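Structure data follow from my_file.tsv (TSV, C-alpha atoms):
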chain	number	residue	atom	x	y	z
A	1	MET	CA	-216.30	-27.32	-30.74
A	2	GLU	CA	-219.85	-27.47	-32.09
A	3	LEU	CA	-218.97	-24.85	-34.73
A	4	TYR	CA	-215.90	-26.87	-35.76
A	5	GLN	CA	-217.98	-30.05	-36.15
A	6	SER	CA	-220.56	-28.27	-38.33
A	7	LEU	CA	-217.79	-26.76	-40.47
A	8	LYS	CA	-216.11	-30.16	-40.72
A	9	SER	CA	-219.30	-31.72	-42.06
A	10	LEU	CA	-219.58	-28.88	-44.62
A	11	TRP	CA	-215.94	-29.40	-45.71
A	12	LYS	CA	-216.59	-33.13	-46.13
A	13	LYS	CA	-219.64	-32.41	-48.33
A	14	LEU	CA	-217.60	-29.98	-50.45
A	15	GLY	CA	-214.72	-32.45	-50.69
A	16	ILE	CA	-212.22	-30.10	-49.03
A	17	LYS	CA	-209.34	-32.17	-47.70
A	18	GLY	CA	-206.15	-31.54	-45.77
A	19	SER	CA	-203.02	-31.62	-47.92
A	20	VAL	CA	-199.25	-31.12	-47.68
A	21	LYS	CA	-196.91	-29.45	-50.19
A	22	ASN	CA	-193.25	-30.26	-49.60
A	23	TYR	CA	-191.08	-27.33	-50.77
A	24	SER	CA	-188.35	-28.40	-48.32
A	25	ASN	CA	-185.21	-30.47	-48.84
A	26	ALA	CA	-186.32	-33.28	-46.45
A	27	ASP	CA	-188.52	-36.34	-46.83
A	28	LEU	CA	-191.71	-36.26	-44.75
A	29	TRP	CA	-193.94	-38.99	-43.36
A	30	VAL	CA	-197.50	-38.01	-44.26
A	31	LEU	CA	-200.33	-39.69	-42.35
A	32	GLU	CA	-203.80	-40.40	-43.58
A	33	THR	CA	-206.55	-42.50	-42.06
A	34	ASP	CA	-207.82	-45.18	-44.44
A	35	THR	CA	-211.43	-46.32	-44.68
A	36	THR	CA	-210.96	-48.78	-41.81
A	37	GLY	CA	-209.71	-45.96	-39.59
A	38	ARG	CA	-206.13	-47.25	-39.37
A	39	PRO	CA	-203.48	-44.52	-39.78
A	40	ILE	CA	-201.10	-45.04	-42.72
A	41	ALA	CA	-197.88	-43.08	-43.32
A	42	ARG	CA	-196.14	-42.70	-46.68
A	43	ILE	CA	-193.06	-40.76	-47.78
A	44	LEU	CA	-193.60	-37.34	-49.37
A	45	SER	CA	-190.35	-36.34	-51.08
A	46	PRO	CA	-189.13	-32.78	-51.69
A	47	GLY	CA	-190.94	-31.20	-54.66
A	48	TYR	CA	-194.09	-33.26	-54.18
A	49	LYS	CA	-197.59	-32.73	-52.76
A	50	THR	CA	-200.15	-35.17	-51.43
A	51	PRO	CA	-202.40	-36.64	-54.14
A	52	ARG	CA	-205.74	-35.00	-54.83
A	53	GLY	CA	-208.61	-36.78	-53.17
A	54	ILE	CA	-206.52	-37.93	-50.19
A	55	ASP	CA	-207.35	-36.38	-46.83
A	56	CYS	CA	-204.06	-35.82	-45.05
A	57	ASP	CA	-204.25	-35.87	-41.26
A	58	ALA	CA	-200.68	-35.17	-40.12
A	59	PHE	CA	-197.00	-35.07	-41.09
A	60	LYS	CA	-193.53	-35.26	-39.56
A	61	ARG	CA	-189.91	-35.51	-40.71
A	62	LYS	CA	-188.75	-38.92	-41.89
A	63	ASP	CA	-185.31	-38.43	-40.33
A	64	GLY	CA	-186.86	-37.88	-36.86
A	65	LYS	CA	-185.67	-34.28	-36.48
A	66	ALA	CA	-188.00	-31.59	-35.17
A	67	ILE	CA	-190.16	-29.27	-37.23
A	68	GLN	CA	-190.57	-25.97	-35.39
A	69	GLY	CA	-189.52	-27.54	-32.08
A	70	HIS	CA	-191.76	-30.65	-32.29
A	71	LYS	CA	-190.33	-34.08	-33.22
A	72	ASP	CA	-193.59	-35.99	-33.54
A	73	CYS	CA	-196.62	-35.29	-35.73
A	74	TRP	CA	-198.15	-31.99	-36.73
A	75	LYS	CA	-201.90	-32.57	-37.08
A	76	LEU	CA	-203.70	-30.50	-39.67
A	77	TYR	CA	-207.38	-30.00	-40.26
A	78	ASP	CA	-209.60	-30.86	-43.21
A	79	PHE	CA	-209.43	-27.43	-44.80
A	80	SER	CA	-205.69	-26.92	-44.30
A	81	ILE	CA	-202.93	-26.86	-46.88
A	82	ALA	CA	-199.60	-27.22	-45.09
A	83	GLU	CA	-196.64	-25.88	-47.05
A	84	VAL	CA	-193.29	-27.08	-45.67
A	85	PHE	CA	-190.16	-25.03	-46.44
A	86	SER	CA	-186.45	-25.30	-45.61
A	87	ASP	CA	-184.69	-22.45	-43.90
A	88	GLY	CA	-181.25	-22.10	-42.33
A	89	LYS	CA	-182.44	-23.60	-39.03
A	90	GLY	CA	-184.43	-26.57	-40.31
A	91	LEU	CA	-187.99	-26.72	-41.60
A	92	ARG	CA	-190.84	-24.28	-41.17
A	93	VAL	CA	-194.52	-24.75	-41.91
A	94	SER	CA	-197.00	-22.31	-43.40
A	95	VAL	CA	-200.52	-23.44	-42.57
A	96	PHE	CA	-203.71	-21.87	-41.26
A	97	SER	CA	-204.01	-24.22	-38.28
A	98	LYS	CA	-201.89	-27.07	-36.91
A	99	THR	CA	-201.54	-28.85	-33.58
A	100	ALA	CA	-198.56	-30.75	-32.14
A	101	VAL	CA	-199.65	-34.32	-31.30
A	102	SER	CA	-198.06	-37.72	-30.76
A	103	GLU	CA	-198.73	-40.76	-32.93
A	104	LYS	CA	-200.93	-42.09	-30.11
A	105	HIS	CA	-203.41	-39.33	-30.97
A	106	PHE	CA	-204.51	-41.41	-33.98
A	107	GLY	CA	-205.46	-44.46	-31.92
A	108	GLU	CA	-204.08	-47.60	-33.55
A	109	VAL	CA	-200.41	-48.12	-34.39
A	110	VAL	CA	-199.41	-46.23	-37.53
A	111	LYS	CA	-198.62	-48.48	-40.50
A	112	TYR	CA	-195.51	-47.12	-42.25
A	113	ILE	CA	-195.33	-47.86	-45.98
A	114	ASN	CA	-191.78	-47.17	-47.14
A	115	GLU	CA	-192.63	-45.90	-50.63
A	116	LYS	CA	-192.35	-42.52	-52.29
A	117	TRP	CA	-195.77	-41.07	-52.87
A	118	GLY	CA	-197.50	-37.95	-54.15
A	119	GLU	CA	-197.78	-35.71	-57.19
A	120	PRO	CA	-195.01	-33.39	-58.40
A	121	LEU	CA	-195.46	-29.73	-57.50
A	122	THR	CA	-196.27	-27.58	-60.51
A	123	VAL	CA	-194.40	-24.31	-60.18
A	124	ILE	CA	-193.42	-21.27	-62.21
A	125	LEU	CA	-189.65	-21.49	-62.61
A	126	ASP	CA	-188.92	-18.55	-64.91
A	127	THR	CA	-190.54	-15.68	-66.79
A	128	LYS	CA	-189.90	-13.72	-69.99
A	129	ARG	CA	-190.74	-10.07	-70.53
A	130	GLY	CA	-191.75	-8.36	-73.75
A	131	ARG	CA	-190.67	-4.98	-75.15
A	132	THR	CA	-192.85	-3.14	-72.63
A	133	HIS	CA	-191.14	-5.04	-69.77
A	134	ARG	CA	-194.42	-6.75	-68.92
A	135	ILE	CA	-194.24	-10.50	-68.24
A	136	GLU	CA	-195.51	-12.28	-71.35
A	137	SER	CA	-194.65	-15.92	-70.77
A	138	TYR	CA	-193.99	-18.27	-67.87
A	139	TYR	CA	-191.89	-21.41	-67.68
A	140	VAL	CA	-194.08	-23.89	-65.77
A	141	SER	CA	-192.62	-27.19	-64.58
A	142	GLY	CA	-193.99	-30.10	-66.59
A	143	HIS	CA	-195.50	-27.77	-69.22
A	144	GLY	CA	-192.67	-25.61	-70.61
A	145	TRP	CA	-193.17	-22.01	-71.75
A	146	LEU	CA	-196.80	-20.87	-71.56
A	147	ASN	CA	-198.44	-17.57	-72.48
A	148	PHE	CA	-200.05	-15.33	-69.90
A	149	GLU	CA	-203.64	-16.42	-70.58
A	150	THR	CA	-202.92	-20.15	-70.19
A	151	THR	CA	-200.86	-19.55	-67.04
A	152	LEU	CA	-203.58	-17.34	-65.53
A	153	LEU	CA	-206.21	-20.00	-66.22
A	154	MET	CA	-204.05	-22.71	-64.61
A	155	THR	CA	-203.41	-20.43	-61.62
A	156	CYS	CA	-207.14	-19.77	-61.18
A	157	ARG	CA	-207.78	-23.53	-61.24
A	158	HIS	CA	-205.12	-24.02	-58.51
A	159	GLU	CA	-203.02	-26.10	-60.89
A	160	ILE	CA	-199.88	-24.03	-60.19
A	161	ASP	CA	-198.66	-24.36	-56.63
A	162	ASN	CA	-196.48	-21.27	-56.19
A	163	ALA	CA	-198.73	-18.66	-57.81
A	164	GLN	CA	-201.97	-16.81	-57.18
A	165	PRO	CA	-204.12	-14.67	-59.46
A	166	VAL	CA	-204.72	-11.00	-58.71
A	167	PHE	CA	-207.74	-9.11	-60.07
A	168	PRO	CA	-207.27	-5.42	-59.21
A	169	ARG	CA	-210.22	-3.03	-59.31
A	170	LYS	CA	-208.43	-1.00	-61.94
A	171	GLY	CA	-206.11	-2.47	-64.51
A	172	ASN	CA	-205.54	-5.91	-65.90
A	173	PRO	CA	-205.31	-9.15	-63.93
A	174	TYR	CA	-201.85	-10.47	-63.17
A	175	ILE	CA	-200.13	-13.45	-61.55
A	176	ARG	CA	-198.00	-13.07	-58.46
A	177	SER	CA	-195.90	-15.45	-56.43
A	178	LYS	CA	-197.36	-16.69	-53.16
A	179	ARG	CA	-196.60	-14.34	-50.30
A	180	ASP	CA	-193.66	-15.16	-48.11
A	181	LYS	CA	-190.62	-13.43	-46.62
A	182	ILE	CA	-188.27	-14.54	-49.41
A	183	VAL	CA	-187.87	-11.83	-52.04
A	184	LEU	CA	-185.70	-13.79	-54.48
A	185	ASN	CA	-188.53	-16.19	-55.41
A	186	ASN	CA	-190.81	-13.38	-56.65
A	187	PHE	CA	-191.57	-13.61	-60.35
A	188	SER	CA	-190.21	-10.10	-60.93
A	189	LYS	CA	-186.78	-11.36	-59.78
A	190	LYS	CA	-186.91	-14.34	-62.16
A	191	SER	CA	-187.76	-12.29	-65.24
A	192	LYS	CA	-185.64	-12.29	-68.33
A	193	THR	CA	-186.08	-9.53	-70.91

So, in terms of structure tokens, how does the structure I just supplied come out?
Amino acid sequence: MELYQSLKSLWKKLGIKGSVKNYSNADLWVLETDTTGRPIARILSPGYKTPRGIDCDAFKRKDGKAIQGHKDCWKLYDFSIAEVFSDGKGLRVSVFSKTAVSEKHFGEVVKYINEKWGEPLTVILDTKRGRTHRIESYYVSGHGWLNFETTLLMTCRHEIDNAQPVFPRKGNPYIRSKRDKIVLNNFSKKSKT
């Protein structure tokens, strides 16, 4: 616990905050603790992420259904980015560390603010290949078609939510989709020639 507390103080100094990205088809209640310590919950719609600068403490489904067998809150930690996805059985969460808790865990009664909240996810929706079959441009939501260099820069700055840069020891850098079990969302499957 002492190690966690020292890491938590380091994360606070660096400004690393917990956040949620909603790739699912369900609205989520996302809890944060305001400056007075009172927990506040707002609605995070599908295709949105929590605003930068907000430290997200927990989340749950707005419709009251369970996420991975738990109907109440999933608490996340300061350094965590929780990505919520739909699958055939409901919702699943990809996050480094989460804990099932009740609302009572946060002390005071949660204040629910029934408003849609957050920033739209920025994602690569499509790609185009050149004559050599190498991806040359990316269709990025909110930005349109962008060349490789611009897209790589945005990916390195964490401005694109579904991509990550790769810098191999040999060869040129490239952009890949975030790792998951779904093959059809890989950029190579989206490519047009």

*Can you pull out every residue within 10 Å of Ile175 in chain A, counting all atoms listed in the file, but drop anything in the same chain fewer than 4 positions away, and send it as a list in words?*
Ile135, Phe148, Thr151, Leu152, Thr155, Cys156, Ala163, Gln164, Pro165, Val166, Phe167 and Phe187 of chain A

_Pairwise distance for CA of Glu108 in chain A and CA of Asp55 in chain A, rounded to one decimal in Å_ =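 Value for the CA of Glu108 in chain A-CA of Asp55 in chain A distance: 17.7 Å.
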
*Would you mind telling me which residue in A:Ser19, A:Ser102, A:Ser141, A:Ser45 lies nearest to Ile81 in chain A when using all atoms listed in the file?*
A:Ser19

*Give as a count of residues only the set of residues within 7 Å of the point (-192.0, -29.9, -40.1), where distances use the file's coordinates and all atoms listed in the file.*
9

*Might you pull out every residue within 8 Å of Ala41 in chain A, with all atoms listed in the file counted and same-chain residues fewer than 2 positions away left off, and present them as a VMD selection string?*
chain A and resid 29 to 32 39 43 110 to 113

*asked:* Counting only C-alpha atoms, which residue out of A:His70, A:Arg52, A:Lys89, A:Lys116 sits closest to Asp27 in chain A?
replied: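 The shortest atom-to-atom distance to Asp27 in chain A comes from A:Lys116.
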
*So which one's closest to Ser86 in chain A, A:Leu153, A:Gly47, A:Gly144, A:Thr33? Using all atoms listed in the file, please.*
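Checking each of A:Leu153, A:Gly47, A:Gly144, A:Thr33 against Ser86 in chain A, counting all atoms listed in the file, the winner is A:Gly47.
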
_Measuring between only C-alpha atoms, which one of A:Ile160, A:Leu125, A:Ile40, A:Met154 shows the shortest distance to Glu103 in chain A?_
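Looking at the shortest contact to Glu103 in chain A, the residue is A:Ile40.
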
*Just how far from CA of Val95 in chain A is CA of Asp126 in chain A, in Å to one decimal?*
25.6 Å

*Have a look at A:Lys21, A:Val123, A:Tyr138, A:Lys62 and name the one nearest to Ser80 in chain A; count only C-alpha atoms.*
A:Lys21

*Quick one, how far is CA of Thr99 in chain A from CA of Arg176 in chain A?*
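Answer for the CA of Thr99 in chain A to CA of Arg176 in chain A separation: 29.7 Å.
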
_From A:Gly90, A:Gly18, A:Gly107, A:Gly69, residue lying nearest Gly53 in chain A [only C-alpha atoms]_ =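 Between A:Gly90, A:Gly18, A:Gly107, A:Gly69, the residue approaching Gly53 in chain A most closely is A:Gly18.
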
As JSON, please report the centre and edge lengths, rounded to one decimal in Å, of the axis-aligned box that holds all listed atoms of range 85-93 of chain A with 3 Å of padding on each of the six sides.
{"center_x": -187.9, "center_y": -24.4, "center_z": -42.7, "size_x": 19.3, "size_y": 10.6, "size_z": 13.4}

_Env of Ser94 in chain A: 8 Å cut, atoms = all atoms listed in the file, seq-sep filter 6 positions within chain, self excluded. Answer as a list in words._
Ala82, Glu83, Val84 and Phe85 of chain A
